[in-house]
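Remarks on the structure that follows.
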Amino acid sequence: MALRTKISRILSVTRIVSSSNGSLAHKTHNRPHPRSVAGSESRQYSALATQEADPVIGPRGLGGFWVKDYEDYRRSLYGGITYKALLVDAVGTLVIPSQPMAQIYRQFGEKYGVEYSEDEILRRYRRAYEQPWVRSRLRYVDDGRPFWRYIVTSSTGCSDNQYFEELYHYYMTDKAWHLCDPNAEKVFEALRKAGVKVALVSNFDTRLRPLLRTLNCEHWFDAVAVSAEVSAEKPNPTIFLKACEFLGVKPDDAVHVGDDRRNDIWGARAAGCDAWLWGSDVYSFKEVAQSIGVQV
């Protein structure tokens, strides 16, 4: 137990690195996402991580003496695998927007008189998204329309309801999204066949489940924890705890994979899960499976 505690602490500080990515689509892939922009607290934590990181840990946090010992310890617990459950972020990890948000806002808005350039739309979007949402403690309540209507109007200067509805429904279609990893289905099947439970954990409104059905990937997951349904948004650890509850596992039996340092890494660790940063610790779901001890 002492070894597990020490290794968990080391991994907590060595796997924290910068990330970026997300719209009415939740994240735009042509800018750092507002939720990833850290304040002074984040900078202090990063400095602490640099000071405390064990020098034997590799740059991606997946090599070195302590990590090997920790993984061996976990395999001894679970019979060859290192985790009983995998939690996966949605936007930026499972799926990404097929076109830049500002391009879509501009393209759909032309017939409604939107004249801002894509750069201006992006700038206004960032500014609006970074402002505190005062109408409720959650951005995504139920279908999320009030929040996204505010974002669209602020970004484009257009308050036409028909324009908003066209955008809102566009982001429920398979034209708006594509998978980050085309091999995801094969990997999730192998994980579940090996006894690893899989859950999607996402800050999203109630469009997520219909979107998963549209993309034909809802059946890949044993559970889905959506912020609008569980009344908690990452990095609040509650959403991760709910996902573990849905799967019937303890938090320390699970590892979360996501692309946002603050929401995914810090949030999951606060809940007691391990966490890997997509695009830094792991680059594909095949690599995730191999790290868990499942060959694909």
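Residues are named by chain letter and number: chains run A, B, ... in the order of the structure tokens, numbers start at 1 in each chain, and ligands are numbered from 1 in the order shown.
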Requested in this report: Write out as a ChimeraX atom specification all residues of region 103-177 of chain A that DSSP puts in helix (DSSP H, G or I) for this structure's backbone.
Outcome: /A:103-112,118-130,145-156,161-170
Based on the selection just made, write N, CA and C atoms of those residues as a CSV table (one decimal), in the first residue's frame.
chain,number,residue,atom,x,y,z
A,103,GLN,N,-15.4,28.7,-38.7
A,103,GLN,CA,-15.8,28.5,-40.1
A,103,GLN,C,-17.2,28.2,-40.2
A,104,ILE,N,-17.7,27.3,-39.3
A,104,ILE,CA,-19.1,26.9,-39.4
A,104,ILE,C,-20.0,28.0,-39.0
A,105,TYR,N,-19.7,28.7,-37.9
A,105,TYR,CA,-20.5,29.9,-37.5
A,105,TYR,C,-20.6,30.9,-38.6
A,106,ARG,N,-19.5,31.2,-39.3
A,106,ARG,CA,-19.5,32.1,-40.4
A,106,ARG,C,-20.3,31.6,-41.6
A,107,GLN,N,-20.1,30.4,-41.9
A,107,GLN,CA,-20.7,29.8,-43.1
A,107,GLN,C,-22.3,29.7,-42.9
A,108,PHE,N,-22.7,29.3,-41.8
A,108,PHE,CA,-24.2,29.2,-41.5
A,108,PHE,C,-24.8,30.6,-41.3
A,109,GLY,N,-23.9,31.6,-40.9
A,109,GLY,CA,-24.5,32.9,-40.6
A,109,GLY,C,-24.5,33.9,-41.8
A,110,GLU,N,-23.9,33.5,-42.9
A,110,GLU,CA,-23.9,34.4,-44.0
A,110,GLU,C,-25.3,34.9,-44.4
A,111,LYS,N,-26.2,33.9,-44.5
A,111,LYS,CA,-27.6,34.3,-45.0
A,111,LYS,C,-28.4,35.0,-43.9
A,112,TYR,N,-27.8,35.1,-42.7
A,112,TYR,CA,-28.5,35.8,-41.6
A,112,TYR,C,-27.8,37.1,-41.3
A,118,GLU,N,-13.8,35.0,-39.6
A,118,GLU,CA,-13.6,33.9,-38.7
A,118,GLU,C,-12.7,34.2,-37.5
A,119,ASP,N,-11.7,35.0,-37.8
A,119,ASP,CA,-10.8,35.4,-36.7
A,119,ASP,C,-11.5,36.2,-35.6
A,120,GLU,N,-12.4,37.1,-36.0
A,120,GLU,CA,-13.2,37.9,-35.1
A,120,GLU,C,-14.2,37.0,-34.3
A,121,ILE,N,-14.8,36.1,-35.0
A,121,ILE,CA,-15.8,35.2,-34.4
A,121,ILE,C,-15.1,34.3,-33.3
A,122,LEU,N,-13.9,33.9,-33.7
A,122,LEU,CA,-13.1,33.1,-32.7
A,122,LEU,C,-12.7,33.9,-31.5
A,123,ARG,N,-12.3,35.1,-31.7
A,123,ARG,CA,-11.9,36.0,-30.6
A,123,ARG,C,-13.1,36.3,-29.7
A,124,ARG,N,-14.2,36.6,-30.3
A,124,ARG,CA,-15.4,36.9,-29.5
A,124,ARG,C,-15.9,35.6,-28.8
A,125,TYR,N,-15.8,34.5,-29.4
A,125,TYR,CA,-16.2,33.2,-28.8
A,125,TYR,C,-15.4,32.9,-27.5
A,126,ARG,N,-14.0,33.1,-27.7
A,126,ARG,CA,-13.2,32.9,-26.5
A,126,ARG,C,-13.5,33.8,-25.4
A,127,ARG,N,-13.8,35.1,-25.7
A,127,ARG,CA,-14.1,36.0,-24.7
A,127,ARG,C,-15.4,35.7,-24.0
A,128,ALA,N,-16.4,35.3,-24.8
A,128,ALA,CA,-17.7,34.9,-24.2
A,128,ALA,C,-17.6,33.6,-23.3
A,129,TYR,N,-16.8,32.6,-23.8
A,129,TYR,CA,-16.7,31.4,-23.1
A,129,TYR,C,-16.0,31.5,-21.8
A,130,GLU,N,-15.1,32.5,-21.7
A,130,GLU,CA,-14.3,32.7,-20.5
A,130,GLU,C,-15.0,33.4,-19.5
A,145,ARG,N,-29.5,24.9,-24.3
A,145,ARG,CA,-29.8,25.9,-25.3
A,145,ARG,C,-29.5,27.4,-24.7
A,146,PRO,N,-29.9,27.7,-23.5
A,146,PRO,CA,-29.6,29.1,-23.0
A,146,PRO,C,-28.1,29.4,-23.1
A,147,PHE,N,-27.3,28.5,-22.7
A,147,PHE,CA,-25.8,28.8,-22.7
A,147,PHE,C,-25.3,28.9,-24.1
A,148,TRP,N,-25.7,28.0,-25.0
A,148,TRP,CA,-25.2,28.1,-26.4
A,148,TRP,C,-25.8,29.2,-27.2
A,149,ARG,N,-27.0,29.6,-26.9
A,149,ARG,CA,-27.6,30.8,-27.5
A,149,ARG,C,-26.8,32.0,-27.2
A,150,TYR,N,-26.4,32.1,-25.9
A,150,TYR,CA,-25.6,33.2,-25.5
A,150,TYR,C,-24.2,33.2,-26.2
A,151,ILE,N,-23.6,32.0,-26.3
A,151,ILE,CA,-22.3,31.9,-27.0
A,151,ILE,C,-22.4,32.3,-28.5
A,152,VAL,N,-23.4,31.8,-29.2
A,152,VAL,CA,-23.6,32.1,-30.6
A,152,VAL,C,-23.8,33.6,-30.8
A,153,THR,N,-24.7,34.2,-30.0
A,153,THR,CA,-25.0,35.6,-30.2
A,153,THR,C,-23.8,36.4,-29.9
A,154,SER,N,-23.1,36.1,-28.8
A,154,SER,CA,-21.9,36.8,-28.5
A,154,SER,C,-20.8,36.7,-29.5
A,155,SER,N,-20.7,35.5,-30.1
A,155,SER,CA,-19.6,35.3,-31.1
A,155,SER,C,-19.9,35.9,-32.5
A,156,THR,N,-21.1,36.0,-32.8
A,156,THR,CA,-21.4,36.4,-34.2
A,156,THR,C,-22.2,37.8,-34.3
A,161,ASN,N,-33.1,33.4,-34.1
A,161,ASN,CA,-33.4,32.1,-33.5
A,161,ASN,C,-33.2,31.0,-34.5
A,162,GLN,N,-33.6,31.2,-35.7
A,162,GLN,CA,-33.5,30.2,-36.8
A,162,GLN,C,-32.0,29.9,-37.0
A,163,TYR,N,-31.2,30.9,-37.0
A,163,TYR,CA,-29.7,30.7,-37.2
A,163,TYR,C,-29.2,29.9,-36.1
A,164,PHE,N,-29.6,30.2,-34.8
A,164,PHE,CA,-29.1,29.4,-33.7
A,164,PHE,C,-29.6,28.0,-33.8
A,165,GLU,N,-30.8,27.7,-34.2
A,165,GLU,CA,-31.3,26.4,-34.2
A,165,GLU,C,-30.6,25.5,-35.3
A,166,GLU,N,-30.3,26.2,-36.4
A,166,GLU,CA,-29.5,25.5,-37.5
A,166,GLU,C,-28.2,25.0,-37.0
A,167,LEU,N,-27.5,25.9,-36.3
A,167,LEU,CA,-26.2,25.5,-35.7
A,167,LEU,C,-26.3,24.5,-34.6
A,168,TYR,N,-27.3,24.6,-33.8
A,168,TYR,CA,-27.5,23.7,-32.7
A,168,TYR,C,-27.8,22.3,-33.2
A,169,HIS,N,-28.6,22.2,-34.2
A,169,HIS,CA,-28.9,20.8,-34.7
A,169,HIS,C,-27.8,20.3,-35.6
A,170,TYR,N,-27.0,21.2,-36.2
A,170,TYR,CA,-25.8,20.7,-37.0
A,170,TYR,C,-24.9,19.9,-36.1
Query - Who sits within 12 Å of Thr82 (chain A), only C-alpha atoms, same chain under 3 positions skipped, as number ranges by chain - result: A: 67-79, 85-86, 191, 194-196, 252-255, 274, 288-294
**Report entry** All residues 10 Å or closer to region 171-181 of chain A, only C-alpha atoms, same chain fewer than 2 positions away omitted, as a PyMOL selection string
**Finding:** chain A and resi 23-26+90-101+104+166-169+183-185+187+207-217+283-286
Requested in this report: Can you work out which one of A:Ala271, A:Val230, A:Val257, A:Leu277 has the shortest atom-to-atom distance to Asp142 (chain A), counting only C-alpha atoms?
Outcome: A:Val230
Query raised in the report: With only C-alpha atoms as the atoms that count, which of A:Arg137, A:His219, A:Lys186, A:His256 lies nearest to Ser202 (chain A)?
Result: A:His256
Report task. Return as a ChimeraX atom specification the full set of residues in region 105-214 of chain A whose backbone-based DSSP assignment is strand (DSSP E). Result -> /A:177-179,197-202
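Taking CA of Ala225 (chain A) as the reference point, CA of Ala243 (chain A) is found at 5.4 Å.
Taking CA of Trp133 (chain A) and CA of Ala199 (chain A) as the two end points, the separation is 27.7 Å.
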Query raised in the report: Nearest to Lys84 (chain A): which of A:Val224, A:Val249, A:Val201, A:Cys273 is it, counting only C-alpha atoms?
Result: A:Val249
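Atom to atom, CA of Pro237 (chain A) and CA of Ala190 (chain A) stand 27.7 Å apart.
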Which polymer residues have any atom within 10 Å of an atom of Glu229 (chain A), counting only C-alpha atoms, with same-chain residues fewer than 4 positions away left out, as an mmCIF file with N, CA, C and O atoms, in the first residue's frame?
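Saved the output as out_12.cif:
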data_model
loop_
_atom_site.group_PDB
_atom_site.id
_atom_site.type_symbol
_atom_site.label_atom_id
_atom_site.label_comp_id
_atom_site.auth_asym_id
_atom_site.auth_seq_id
_atom_site.Cartn_x
_atom_site.Cartn_y
_atom_site.Cartn_z
ATOM 1 N N TYR A 140 -23.993 23.507 -18.940
ATOM 2 C CA TYR A 140 -24.830 22.603 -19.723
ATOM 3 C C TYR A 140 -25.954 22.050 -18.854
ATOM 4 O O TYR A 140 -25.810 21.015 -18.203
ATOM 5 N N VAL A 141 -27.066 22.752 -18.831
ATOM 6 C CA VAL A 141 -28.253 22.315 -18.097
ATOM 7 C C VAL A 141 -29.246 21.778 -19.121
ATOM 8 O O VAL A 141 -29.601 22.472 -20.084
ATOM 9 N N ASP A 142 -29.664 20.539 -18.933
ATOM 10 C CA ASP A 142 -30.590 19.887 -19.871
ATOM 11 C C ASP A 142 -30.029 19.975 -21.293
ATOM 12 O O ASP A 142 -28.949 19.489 -21.551
ATOM 13 N N ASP A 143 -30.764 20.635 -22.208
ATOM 14 C CA ASP A 143 -30.307 20.662 -23.600
ATOM 15 C C ASP A 143 -29.268 21.748 -23.867
ATOM 16 O O ASP A 143 -28.759 21.861 -24.985
ATOM 17 N N ASN A 203 -18.365 16.685 -20.327
ATOM 18 C CA ASN A 203 -19.100 17.939 -20.138
ATOM 19 C C ASN A 203 -19.881 18.199 -21.411
ATOM 20 O O ASN A 203 -19.317 18.632 -22.420
ATOM 21 N N PHE A 204 -21.149 17.916 -21.388
ATOM 22 C CA PHE A 204 -21.979 18.010 -22.593
ATOM 23 C C PHE A 204 -23.419 18.156 -22.143
ATOM 24 O O PHE A 204 -23.769 17.882 -21.000
ATOM 25 N N ASP A 205 -24.252 18.609 -23.066
ATOM 26 C CA ASP A 205 -25.682 18.694 -22.778
ATOM 27 C C ASP A 205 -26.358 17.404 -23.237
ATOM 28 O O ASP A 205 -25.680 16.425 -23.589
ATOM 29 N N THR A 206 -27.678 17.399 -23.246
ATOM 30 C CA THR A 206 -28.403 16.158 -23.515
ATOM 31 C C THR A 206 -28.361 15.728 -24.978
ATOM 32 O O THR A 206 -28.940 14.694 -25.321
ATOM 33 N N VAL A 224 -22.465 5.938 -19.598
ATOM 34 C CA VAL A 224 -22.174 7.295 -20.065
ATOM 35 C C VAL A 224 -22.513 8.255 -18.937
ATOM 36 O O VAL A 224 -23.642 8.260 -18.433
ATOM 37 N N ALA A 225 -21.548 9.064 -18.530
ATOM 38 C CA ALA A 225 -21.762 10.082 -17.502
ATOM 39 C C ALA A 225 -21.699 11.445 -18.182
ATOM 40 O O ALA A 225 -20.622 11.902 -18.581
ATOM 41 N N GLU A 233 -19.920 19.169 -13.579
ATOM 42 C CA GLU A 233 -19.052 19.315 -14.737
ATOM 43 C C GLU A 233 -17.598 19.144 -14.333
ATOM 44 O O GLU A 233 -17.174 19.612 -13.277
ATOM 45 N N ILE A 239 -18.466 13.948 -11.205
ATOM 46 C CA ILE A 239 -18.822 13.299 -12.465
ATOM 47 C C ILE A 239 -18.022 12.017 -12.665
ATOM 48 O O ILE A 239 -18.522 11.020 -13.190
#
